[in-house]
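Worksheet for the structure shown next.
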Amino acid sequence: MKKDLGKIIVRENSTLRQVVGKMNKSNLNVVLICSRYNRLRGLMTYGDVRRAIHQGLTLDSSIKKIYNKNPEIAYNDWSQSKLKKIAFKKIENIGSSIHVPVINNEGKLVDLAIADESGISLVSKINVN
């Protein structure tokens, strides 16, 4: 696992407050939910947090029932062109930036791809505060 990814990882027993704190520190508006063995469980975006608060949850609420347990994923042995194809297809459907966790064949988090209309970046290649 890349060093910077630890700054955007939380566990399933985290609260919305902890998630918001990680998002604020990283400036990425996303956290990855992983097991203690770094197996990807899902992801949560700033939009998920907004919807949860709008539904009446508090910052002390657990994220267990809120986060996306089935995010679009990529495997670390995929070619860059395959990753771009999947990312840009999803961008066409939702019209904004997307976050695609990159995992290995054991389901362990390896990286995070962030894509928007201008291109695709890997968290391991950008500076996470």
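Letters A, B, ... go to the chains of the structure tokens in the order shown; residues in each chain start at 1; ligands are counted from 1 in the same order.
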Would you list, as a VMD selection string, the residues of chain A that end up in strand (DSSP E or B) under DSSP run on this structure's backbone?
-> chain A and resid 9 to 10 15 30 to 34 39 to 45 62 68 74 to 75 98 to 103 108 to 116 119 to 122
Between CA of Gln80 (chain A) and CA of Asn29 (chain A) - distance in Å to one decimal =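 Between CA of Asn29 (chain A) and CA of Gln80 (chain A) the gap works out to 23.5 Å.
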Give me the residues near Arg17 (chain A) as a compact mmCIF listing (two decimals) with C-alpha atoms, in the first residue's frame, where near means some atom within 8 Å (using only C-alpha atoms) and where sequence neighbours in that chain fewer than 2 positions away do not count.
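Saved file part06.txt follows:
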# COMPACT_ATOMS: atom_id res chain seq x y z
CA THR A 15 -18.05 7.89 12.46
CA VAL A 19 -14.63 10.67 7.79
CA VAL A 20 -15.10 14.43 7.47
CA GLY A 21 -11.81 14.98 9.31
CA LEU A 59 -21.49 13.52 12.94
CA ASP A 60 -21.31 10.85 15.65
CA SER A 61 -23.25 8.34 13.51
So that I can see what lies close to region 105-111 of chain A, please list as a PDB file with C-alpha atoms, in the first residue's frame the residues with an atom at most 8 Å from it, counting only C-alpha atoms and leaving out residues fewer than 6 positions away in the same chain.
ATOM      1  CA  MET A   1       0.000   0.000   0.000  1.00  0.00           C
ATOM      2  CA  LYS A   2       1.299   3.438  -0.890  1.00  0.00           C
ATOM      3  CA  LEU A   5      -3.215   6.202   0.950  1.00  0.00           C
ATOM      4  CA  CYS A  34     -10.656  -0.982   4.502  1.00  0.00           C
ATOM      5  CA  TYR A  37      -5.604  -6.041   6.647  1.00  0.00           C
ATOM      6  CA  ASN A  38      -6.204  -3.293   4.042  1.00  0.00           C
ATOM      7  CA  ARG A  39      -8.821  -5.234   2.120  1.00  0.00           C
ATOM      8  CA  LEU A  40     -11.126  -2.781   0.406  1.00  0.00           C
ATOM      9  CA  TYR A  75      -7.091  -4.183 -10.591  1.00  0.00           C
ATOM     10  CA  ASN A  76      -3.443  -3.234 -10.382  1.00  0.00           C
ATOM     11  CA  LEU A 122      -3.303   8.053  -9.096  1.00  0.00           C
ATOM     12  CA  VAL A 123      -3.173   9.128  -5.451  1.00  0.00           C
ATOM     13  CA  SER A 124       0.287   7.574  -5.165  1.00  0.00           C
TER      14      SER A 124
END
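Taking CA of Leu112 (chain A) as the reference point, CA of Leu16 (chain A) is found at 20.8 Å.
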Could you name the residues that touch Asp116 (chain A) at 8 Å or less, counting only C-alpha atoms, but leaving out those on the same chain fewer than 5 positions away, as a count of residues only?
-> 5
Residue nearest Gly42 (chain A) - candidates A:His99, A:Lys25, A:Lys84, A:His54, atoms counted: only C-alpha atoms =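 Going through A:His99, A:Lys25, A:Lys84, A:His54 one by one, the smallest distance to Gly42 (chain A) is for A:His99.
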In Å, rounded to a single decimal, give me how far CA of Ser121 (chain A) is from CA of Ser14 (chain A).
->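 Answer for the CA of Ser14 (chain A) to CA of Ser121 (chain A) separation: 26.7 Å.
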Counting only C-alpha atoms, which of A:Ser79, A:Arg41, A:Ile66, A:Glu72 gets nearest to Ile53 (chain A)?
->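 Closest to Ile53 (chain A), using only C-alpha atoms: A:Ile66.
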Using only C-alpha atoms, which of the listed residues (A:Arg50, A:Lys22, A:Lys69, A:Arg11) sits closest to Arg36 (chain A)?
->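 Among the listed residues, the smallest separation from Arg36 (chain A) belongs to A:Arg11.
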What lies within 9 Å of Thr45 (chain A) using only C-alpha atoms, ignoring chain neighbours under 4 positions off, as a count of residues only?
-> 11
